[in-house]
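work-v3.txt, holding compact mmCIF, N, CA and C atoms:
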# COMPACT_ATOMS: atom_id res chain seq x y z
N MET A 1 -8.38 20.09 -4.70
CA MET A 1 -8.25 18.72 -4.23
C MET A 1 -7.16 18.03 -5.06
N SER A 2 -6.22 17.38 -4.36
CA SER A 2 -5.13 16.70 -5.04
C SER A 2 -5.64 15.45 -5.75
N GLN A 3 -4.81 14.91 -6.61
CA GLN A 3 -5.17 13.69 -7.34
C GLN A 3 -5.37 12.52 -6.37
N ASP A 4 -4.51 12.43 -5.33
CA ASP A 4 -4.65 11.37 -4.33
C ASP A 4 -5.96 11.51 -3.56
N GLN A 5 -6.31 12.74 -3.20
CA GLN A 5 -7.57 12.97 -2.49
C GLN A 5 -8.77 12.63 -3.36
N GLN A 6 -8.67 12.95 -4.66
CA GLN A 6 -9.75 12.62 -5.58
C GLN A 6 -9.92 11.12 -5.70
N MET A 7 -8.80 10.40 -5.79
CA MET A 7 -8.87 8.94 -5.90
C MET A 7 -9.49 8.34 -4.64
N ALA A 8 -9.08 8.85 -3.47
CA ALA A 8 -9.63 8.35 -2.21
C ALA A 8 -11.13 8.61 -2.14
N ALA A 9 -11.56 9.80 -2.52
CA ALA A 9 -12.99 10.14 -2.50
C ALA A 9 -13.77 9.25 -3.46
N GLN A 10 -13.21 9.03 -4.64
CA GLN A 10 -13.87 8.18 -5.63
C GLN A 10 -13.97 6.74 -5.13
N LEU A 11 -12.90 6.23 -4.52
CA LEU A 11 -12.92 4.86 -4.01
C LEU A 11 -13.95 4.71 -2.88
N ARG A 12 -13.99 5.68 -1.96
CA ARG A 12 -15.00 5.63 -0.89
C ARG A 12 -16.41 5.61 -1.49
N ASN A 13 -16.64 6.42 -2.51
CA ASN A 13 -17.95 6.45 -3.17
C ASN A 13 -18.26 5.12 -3.84
N GLU A 14 -17.30 4.55 -4.53
CA GLU A 14 -17.51 3.28 -5.23
C GLU A 14 -17.82 2.15 -4.24
N LEU A 15 -17.18 2.17 -3.09
CA LEU A 15 -17.37 1.09 -2.12
C LEU A 15 -18.77 1.06 -1.54
N GLN A 16 -19.48 2.16 -1.60
CA GLN A 16 -20.86 2.20 -1.10
C GLN A 16 -21.79 1.30 -1.92
N HIS A 17 -21.37 0.91 -3.11
CA HIS A 17 -22.20 0.10 -4.00
C HIS A 17 -22.00 -1.40 -3.82
N PHE A 18 -21.09 -1.79 -2.93
CA PHE A 18 -20.82 -3.21 -2.71
C PHE A 18 -21.50 -3.66 -1.43
N THR A 19 -22.69 -4.22 -1.58
CA THR A 19 -23.43 -4.75 -0.42
C THR A 19 -24.15 -6.03 -0.84
N GLY A 20 -24.05 -7.04 -0.01
CA GLY A 20 -24.81 -8.25 -0.24
C GLY A 20 -24.41 -9.08 -1.44
N ASP A 21 -23.16 -8.97 -1.87
CA ASP A 21 -22.71 -9.75 -3.02
C ASP A 21 -22.68 -11.24 -2.71
N LEU A 22 -23.08 -12.05 -3.66
CA LEU A 22 -23.00 -13.50 -3.50
C LEU A 22 -21.76 -14.09 -4.17
N GLU A 23 -21.15 -13.32 -5.04
CA GLU A 23 -19.94 -13.77 -5.73
C GLU A 23 -18.77 -13.76 -4.76
N ARG A 24 -17.85 -14.71 -4.90
CA ARG A 24 -16.68 -14.80 -4.04
C ARG A 24 -15.45 -15.14 -4.87
N TYR A 25 -14.29 -14.76 -4.33
CA TYR A 25 -13.00 -15.06 -4.95
C TYR A 25 -12.16 -15.80 -3.93
N ARG A 26 -11.45 -16.82 -4.39
CA ARG A 26 -10.62 -17.63 -3.50
C ARG A 26 -9.18 -17.13 -3.56
N HIS A 27 -8.57 -17.01 -2.38
CA HIS A 27 -7.17 -16.60 -2.33
C HIS A 27 -6.31 -17.72 -2.90
N PRO A 28 -5.34 -17.38 -3.75
CA PRO A 28 -4.57 -18.43 -4.44
C PRO A 28 -3.65 -19.25 -3.54
N ILE A 29 -3.25 -18.73 -2.39
CA ILE A 29 -2.32 -19.46 -1.52
C ILE A 29 -3.05 -20.06 -0.32
N ASN A 30 -3.78 -19.24 0.41
CA ASN A 30 -4.58 -19.74 1.54
C ASN A 30 -5.97 -20.01 1.01
N ARG A 31 -6.19 -21.23 0.54
CA ARG A 31 -7.42 -21.59 -0.16
C ARG A 31 -8.67 -21.54 0.73
N LYS A 32 -8.49 -21.44 2.04
CA LYS A 32 -9.65 -21.31 2.92
C LYS A 32 -10.16 -19.87 2.97
N VAL A 33 -9.39 -18.96 2.44
CA VAL A 33 -9.78 -17.54 2.46
C VAL A 33 -10.48 -17.20 1.14
N ILE A 34 -11.70 -16.72 1.28
CA ILE A 34 -12.43 -16.21 0.13
C ILE A 34 -12.80 -14.76 0.43
N TYR A 35 -13.00 -13.97 -0.61
CA TYR A 35 -13.32 -12.56 -0.38
C TYR A 35 -14.33 -12.09 -1.41
N THR A 36 -14.94 -10.98 -1.09
CA THR A 36 -16.06 -10.45 -1.86
C THR A 36 -15.59 -9.53 -2.99
N PRO A 37 -16.50 -9.20 -3.91
CA PRO A 37 -16.16 -8.24 -4.97
C PRO A 37 -15.72 -6.88 -4.42
N GLY A 38 -16.26 -6.46 -3.29
CA GLY A 38 -15.84 -5.18 -2.71
C GLY A 38 -14.39 -5.20 -2.30
N VAL A 39 -13.94 -6.28 -1.67
CA VAL A 39 -12.54 -6.41 -1.29
C VAL A 39 -11.67 -6.48 -2.53
N LYS A 40 -12.12 -7.21 -3.54
CA LYS A 40 -11.37 -7.29 -4.81
C LYS A 40 -11.27 -5.91 -5.46
N HIS A 41 -12.34 -5.14 -5.39
CA HIS A 41 -12.35 -3.79 -5.97
C HIS A 41 -11.31 -2.90 -5.28
N VAL A 42 -11.24 -2.98 -3.96
CA VAL A 42 -10.22 -2.20 -3.23
C VAL A 42 -8.83 -2.61 -3.70
N ALA A 43 -8.60 -3.91 -3.80
CA ALA A 43 -7.29 -4.40 -4.23
C ALA A 43 -6.93 -3.91 -5.63
N GLU A 44 -7.88 -3.95 -6.53
CA GLU A 44 -7.63 -3.52 -7.91
C GLU A 44 -7.42 -2.01 -8.00
N ARG A 45 -8.34 -1.24 -7.45
CA ARG A 45 -8.30 0.22 -7.59
C ARG A 45 -7.15 0.85 -6.81
N ALA A 46 -6.81 0.26 -5.66
CA ALA A 46 -5.77 0.84 -4.81
C ALA A 46 -4.42 0.14 -4.97
N GLY A 47 -4.35 -0.82 -5.88
CA GLY A 47 -3.10 -1.57 -6.02
C GLY A 47 -2.74 -2.27 -4.72
N ALA A 48 -3.75 -2.87 -4.08
CA ALA A 48 -3.55 -3.38 -2.72
C ALA A 48 -3.85 -4.87 -2.59
N TYR A 49 -3.48 -5.66 -3.57
CA TYR A 49 -3.60 -7.11 -3.38
C TYR A 49 -2.73 -7.54 -2.20
N TRP A 50 -1.72 -6.76 -1.90
CA TRP A 50 -0.87 -7.05 -0.74
C TRP A 50 -1.68 -7.07 0.55
N LEU A 51 -2.74 -6.28 0.62
CA LEU A 51 -3.58 -6.24 1.82
C LEU A 51 -4.32 -7.58 1.99
N ILE A 52 -4.87 -8.09 0.90
CA ILE A 52 -5.53 -9.41 0.95
C ILE A 52 -4.50 -10.48 1.33
N ASP A 53 -3.31 -10.40 0.74
CA ASP A 53 -2.26 -11.36 1.05
C ASP A 53 -1.86 -11.30 2.52
N ALA A 54 -1.75 -10.09 3.06
CA ALA A 54 -1.37 -9.94 4.47
C ALA A 54 -2.41 -10.59 5.37
N ILE A 55 -3.67 -10.31 5.12
CA ILE A 55 -4.74 -10.90 5.94
C ILE A 55 -4.74 -12.41 5.78
N ALA A 56 -4.66 -12.90 4.55
CA ALA A 56 -4.67 -14.35 4.30
C ALA A 56 -3.48 -15.04 4.95
N SER A 57 -2.34 -14.36 5.03
CA SER A 57 -1.16 -14.98 5.64
C SER A 57 -1.32 -15.13 7.15
N TRP A 58 -2.11 -14.26 7.77
CA TRP A 58 -2.33 -14.36 9.21
C TRP A 58 -3.38 -15.41 9.55
N ILE A 59 -4.41 -15.55 8.72
CA ILE A 59 -5.50 -16.48 9.03
C ILE A 59 -4.96 -17.92 8.98
N GLY A 60 -5.07 -18.60 10.09
CA GLY A 60 -4.55 -19.96 10.21
C GLY A 60 -3.13 -20.02 10.73
N SER A 61 -2.49 -18.86 10.93
CA SER A 61 -1.12 -18.82 11.44
C SER A 61 -1.10 -19.23 12.92
N HIS A 62 0.10 -19.44 13.44
CA HIS A 62 0.26 -19.80 14.85
C HIS A 62 -0.34 -18.71 15.74
N SER A 63 -0.06 -17.45 15.45
CA SER A 63 -0.59 -16.34 16.26
C SER A 63 -2.11 -16.29 16.21
N PHE A 64 -2.66 -16.51 15.02
CA PHE A 64 -4.11 -16.51 14.86
C PHE A 64 -4.74 -17.65 15.66
N ASN A 65 -4.15 -18.83 15.55
CA ASN A 65 -4.69 -20.00 16.26
C ASN A 65 -4.57 -19.86 17.77
N GLU A 66 -3.49 -19.23 18.25
CA GLU A 66 -3.37 -18.97 19.69
C GLU A 66 -4.48 -18.05 20.16
N ALA A 67 -4.74 -16.99 19.40
CA ALA A 67 -5.83 -16.07 19.76
C ALA A 67 -7.17 -16.78 19.72
N LEU A 68 -7.36 -17.63 18.73
CA LEU A 68 -8.61 -18.39 18.59
C LEU A 68 -8.82 -19.32 19.78
N ASN A 69 -7.75 -19.92 20.28
CA ASN A 69 -7.85 -20.80 21.45
C ASN A 69 -8.27 -20.03 22.70
N LYS A 70 -7.91 -18.74 22.76
CA LYS A 70 -8.28 -17.90 23.91
C LYS A 70 -9.68 -17.32 23.78
N ASP A 71 -10.14 -17.12 22.54
CA ASP A 71 -11.46 -16.51 22.31
C ASP A 71 -12.06 -17.10 21.05
N ASP A 72 -12.96 -18.07 21.21
CA ASP A 72 -13.51 -18.77 20.05
C ASP A 72 -14.44 -17.90 19.21
N ARG A 73 -14.78 -16.71 19.69
CA ARG A 73 -15.60 -15.81 18.87
C ARG A 73 -14.87 -15.37 17.61
N ILE A 74 -13.54 -15.42 17.65
CA ILE A 74 -12.73 -15.03 16.49
C ILE A 74 -13.09 -15.88 15.28
N ALA A 75 -13.38 -17.15 15.50
CA ALA A 75 -13.72 -18.04 14.39
C ALA A 75 -14.99 -17.59 13.69
N GLY A 76 -15.93 -17.07 14.43
CA GLY A 76 -17.21 -16.68 13.85
C GLY A 76 -17.16 -15.36 13.11
N LEU A 77 -16.55 -14.34 13.72
CA LEU A 77 -16.53 -13.02 13.11
C LEU A 77 -15.46 -12.15 13.77
N HIS A 78 -14.64 -11.56 12.96
CA HIS A 78 -13.67 -10.57 13.42
C HIS A 78 -13.43 -9.61 12.26
N ARG A 79 -12.62 -8.59 12.49
CA ARG A 79 -12.36 -7.63 11.42
C ARG A 79 -10.90 -7.23 11.40
N TRP A 80 -10.50 -6.77 10.23
CA TRP A 80 -9.13 -6.30 10.01
C TRP A 80 -9.20 -4.81 9.70
N ARG A 81 -8.42 -4.03 10.42
CA ARG A 81 -8.38 -2.58 10.21
C ARG A 81 -6.98 -2.17 9.77
N LEU A 82 -6.93 -1.47 8.64
CA LEU A 82 -5.68 -0.87 8.18
C LEU A 82 -5.79 0.62 8.42
N GLU A 83 -4.82 1.18 9.13
CA GLU A 83 -4.77 2.62 9.38
C GLU A 83 -3.45 3.15 8.85
N VAL A 84 -3.55 4.15 7.98
CA VAL A 84 -2.37 4.76 7.36
C VAL A 84 -2.04 6.03 8.13
N ALA A 85 -0.79 6.15 8.53
CA ALA A 85 -0.33 7.32 9.28
C ALA A 85 0.14 8.42 8.32
N ALA A 86 0.31 9.59 8.84
CA ALA A 86 0.76 10.74 8.03
C ALA A 86 2.13 10.50 7.41
N ASP A 87 2.96 9.68 8.06
CA ASP A 87 4.30 9.40 7.52
C ASP A 87 4.30 8.26 6.51
N VAL A 88 3.12 7.86 6.04
CA VAL A 88 2.84 6.80 5.06
C VAL A 88 3.23 5.39 5.54
N SER A 89 3.43 5.24 6.84
CA SER A 89 3.51 3.90 7.40
C SER A 89 2.06 3.50 7.70
N ALA A 90 1.88 2.25 8.07
CA ALA A 90 0.52 1.79 8.36
C ALA A 90 0.56 0.71 9.43
N THR A 91 -0.61 0.48 10.01
CA THR A 91 -0.78 -0.59 10.98
C THR A 91 -1.99 -1.41 10.55
N LEU A 92 -1.79 -2.71 10.46
CA LEU A 92 -2.86 -3.66 10.18
C LEU A 92 -3.15 -4.41 11.46
N GLN A 93 -4.41 -4.40 11.90
CA GLN A 93 -4.78 -5.09 13.12
C GLN A 93 -5.99 -6.00 12.88
N ALA A 94 -5.95 -7.16 13.51
CA ALA A 94 -7.12 -8.04 13.58
C ALA A 94 -7.79 -7.72 14.90
N LEU A 95 -9.10 -7.46 14.84
CA LEU A 95 -9.84 -7.00 16.01
C LEU A 95 -11.04 -7.88 16.31
N ILE A 96 -11.33 -8.01 17.59
CA ILE A 96 -12.55 -8.66 18.06
C ILE A 96 -13.18 -7.70 19.06
N GLU A 97 -14.49 -7.65 19.06
CA GLU A 97 -15.16 -6.76 20.01
C GLU A 97 -14.95 -7.28 21.43
N GLY A 98 -14.81 -6.38 22.38
CA GLY A 98 -14.64 -6.75 23.77
C GLY A 98 -15.82 -7.57 24.27
N ALA A 99 -15.55 -8.50 25.16
CA ALA A 99 -16.60 -9.39 25.67
C ALA A 99 -17.39 -8.74 26.81
N GLU A 100 -16.84 -7.69 27.41
CA GLU A 100 -17.51 -7.02 28.52
C GLU A 100 -17.56 -5.53 28.26
N PRO A 101 -18.51 -4.85 28.89
CA PRO A 101 -18.60 -3.39 28.70
C PRO A 101 -17.25 -2.75 29.00
N PRO A 102 -16.84 -1.78 28.23
CA PRO A 102 -17.56 -1.03 27.20
C PRO A 102 -17.48 -1.66 25.81
N TYR A 103 -17.11 -2.91 25.70
CA TYR A 103 -17.09 -3.65 24.43
C TYR A 103 -16.14 -3.02 23.41
N ALA A 104 -15.09 -2.40 23.88
CA ALA A 104 -14.11 -1.78 22.98
C ALA A 104 -13.39 -2.87 22.20
N PRO A 105 -13.08 -2.60 20.92
CA PRO A 105 -12.37 -3.61 20.13
C PRO A 105 -10.99 -3.91 20.73
N MET A 106 -10.61 -5.18 20.66
CA MET A 106 -9.31 -5.62 21.15
C MET A 106 -8.53 -6.22 19.98
N ALA A 107 -7.28 -5.81 19.84
CA ALA A 107 -6.43 -6.34 18.78
C ALA A 107 -5.83 -7.66 19.23
N PHE A 108 -5.88 -8.65 18.36
CA PHE A 108 -5.22 -9.92 18.67
C PHE A 108 -4.08 -10.20 17.72
N ILE A 109 -3.95 -9.40 16.67
CA ILE A 109 -2.78 -9.44 15.78
C ILE A 109 -2.52 -8.01 15.35
N THR A 110 -1.25 -7.62 15.34
CA THR A 110 -0.86 -6.29 14.87
C THR A 110 0.36 -6.45 13.97
N GLN A 111 0.29 -5.84 12.81
CA GLN A 111 1.41 -5.85 11.87
C GLN A 111 1.72 -4.41 11.48
N ARG A 112 2.97 -4.02 11.64
CA ARG A 112 3.42 -2.70 11.22
C ARG A 112 3.88 -2.77 9.77
N ILE A 113 3.50 -1.79 8.99
CA ILE A 113 3.87 -1.73 7.57
C ILE A 113 4.66 -0.44 7.40
N PRO A 114 5.95 -0.52 7.06
CA PRO A 114 6.80 0.68 7.05
C PRO A 114 6.44 1.71 5.98
N PHE A 115 5.86 1.26 4.87
CA PHE A 115 5.50 2.20 3.80
C PHE A 115 4.30 1.66 3.04
N THR A 116 3.37 2.54 2.71
CA THR A 116 2.27 2.19 1.82
C THR A 116 1.81 3.43 1.07
N ASP A 117 1.31 3.20 -0.13
CA ASP A 117 0.68 4.29 -0.88
C ASP A 117 -0.84 4.06 -0.94
N PHE A 118 -1.36 3.29 0.02
CA PHE A 118 -2.80 3.03 0.08
C PHE A 118 -3.53 4.37 0.16
N PRO A 119 -4.53 4.59 -0.68
CA PRO A 119 -5.13 5.93 -0.80
C PRO A 119 -6.06 6.35 0.32
N LEU A 120 -6.61 5.41 1.08
CA LEU A 120 -7.53 5.76 2.15
C LEU A 120 -6.77 5.85 3.48
N GLU A 121 -7.26 6.71 4.36
CA GLU A 121 -6.62 6.81 5.67
C GLU A 121 -6.89 5.58 6.53
N SER A 122 -7.98 4.87 6.25
CA SER A 122 -8.26 3.62 6.95
C SER A 122 -9.31 2.83 6.18
N ILE A 123 -9.33 1.55 6.46
CA ILE A 123 -10.35 0.67 5.90
C ILE A 123 -10.53 -0.51 6.85
N GLU A 124 -11.73 -1.04 6.91
CA GLU A 124 -12.00 -2.23 7.69
C GLU A 124 -12.55 -3.31 6.77
N ILE A 125 -12.03 -4.51 6.95
CA ILE A 125 -12.48 -5.68 6.21
C ILE A 125 -12.94 -6.70 7.24
N TRP A 126 -14.18 -7.10 7.15
CA TRP A 126 -14.75 -8.06 8.09
C TRP A 126 -14.49 -9.47 7.60
N ALA A 127 -14.22 -10.35 8.54
CA ALA A 127 -13.95 -11.76 8.22
C ALA A 127 -14.89 -12.64 9.04
N GLY A 128 -15.62 -13.48 8.35
CA GLY A 128 -16.52 -14.42 9.01
C GLY A 128 -16.23 -15.82 8.54
N PHE A 129 -16.56 -16.80 9.35
CA PHE A 129 -16.34 -18.20 9.01
C PHE A 129 -17.69 -18.85 8.77
N ASP A 130 -17.84 -19.45 7.62
CA ASP A 130 -19.14 -20.06 7.25
C ASP A 130 -19.17 -21.57 7.50
N GLY A 131 -18.19 -22.08 8.21
CA GLY A 131 -18.10 -23.51 8.47
C GLY A 131 -17.13 -24.20 7.53
N GLN A 132 -16.81 -23.54 6.43
CA GLN A 132 -15.87 -24.10 5.45
C GLN A 132 -14.80 -23.09 5.07
N HIS A 133 -15.16 -21.82 4.92
CA HIS A 133 -14.24 -20.77 4.45
C HIS A 133 -14.22 -19.61 5.44

Render the structure in this file as C-alpha cells.
Amino acid sequence: MSQDQQMAAQLRNELQHFTGDLERYRHPINRKVIYTPGVKHVAERAGAYWLIDAIASWIGSHSFNEALNKDDRIAGLHRWRLEVAADVSATLQALIEGAEPPYAPMAFITQRIPFTDFPLESIEIWAGFDGQH
C-alpha cells in the first residue's frame, strides 16, 4: 500500500469518529458559514481548507441564490460532493435530492478543479440551515 493510500485509509477511519458534534467553527470570510470538527479535521489532515473556502464562496452567491429561488429545499439541506478523477482533476458539486421518483440527486452548482492532491477519491459534506447559519 502506497503512502497516499495509507493516508486515505487512515483519514476514512478517523472520520468515522465524528458524529453529533456540538462544536462549530465559523468561516472567516463568509461569516454565515459554520462547520463541524469533522470538516475541520478533513481540512487539516488533507491540507484542504481550500475545499471549505470553495463551498463558502458559493453559499450566498448569485448562482446559489438563483438555484434557491427555483427550489427552496436547498435552504434547508443540501450536500457538496467532491470527486477526484484519475488525472488528479476534481469536480465539486452542490446537490439536492430529486423531488420526484427516482429521487436522483441533481447538481445545482458545478465547479471544475484542474488539479488537487486531495487524498480521498470522493467526499460529501452536508450543509443545513438552522435559521441563522

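Taking only C-alpha atoms into account, those protein, DNA and RNA residues with any atom at most 12 Å away from (-18.4, -13.2, 13.0) amount to Asp72, Arg73, Ile74, Ala75, Gly76, Leu77, His78, Arg79, Trp80, Leu95, Ile96, Glu97, Ile125, Trp126, Ala127, Gly128, Phe129, Asp130 and Gly131 of chain A.
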
**Request:** Kindly give the distance, in Å, that separates atom C of A:Glu44 and atom CA of A:Gln10, rounded to a single decimal.
**Result:** 12.3 Å

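Within 6.5 Å of stretch 81-87 of chain A, once all atoms listed in the file are used and residues closer than 5 positions along the same chain are dropped, the contacting residues are Leu92, Gln93, Ala94, Leu95, Leu120, Glu121, Ser122, Ile123, Glu124 and Ile125 of chain A.
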
**Asked** Which residue out of A:Ala107, A:Ala9, A:Ile29, A:Val42 has the minimum interatomic distance to A:Ser57 when all atoms listed in the file are used?
**Response** A:Ile29

**Request:** Give the strand (DSSP E) residues of chain A, as assigned by DSSP on the backbone, as JSON, numbers by chain.
**Result:** {"A": [25, 26, 34, 35, 77, 78, 79, 80, 81, 82, 83, 84, 90, 91, 92, 93, 94, 95, 96, 106, 107, 108, 109, 110, 111, 112, 113, 122, 123, 124, 125, 126, 127, 128]}

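With atom CA of A:Arg24 on one side and atom CA of A:Pro37 on the other, the separation reads 6.6 Å.
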
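Minimum distance to A:Lys32 across A:Phe108, A:Gln6, A:Val88, A:Ala56 (counting only C-alpha atoms) occurs at A:Ala56.
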
**Complete:** As a check of understanding: the span from atom N of A:Leu68 to atom CA of A:Tyr25 is 24.5 Å

**Item:** Backbone-only DSSP, alpha helix (DSSP H) members of chain A, as a ChimeraX atom specification
**Value:** /A:3-15,37-46,49-58,62-70,73-76

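Using only N, CA and C atoms for every distance, the candidate list A:Gly38, A:Leu51, A:Pro119, A:Arg112 yields A:Gly38 as the residue closest to A:His17.
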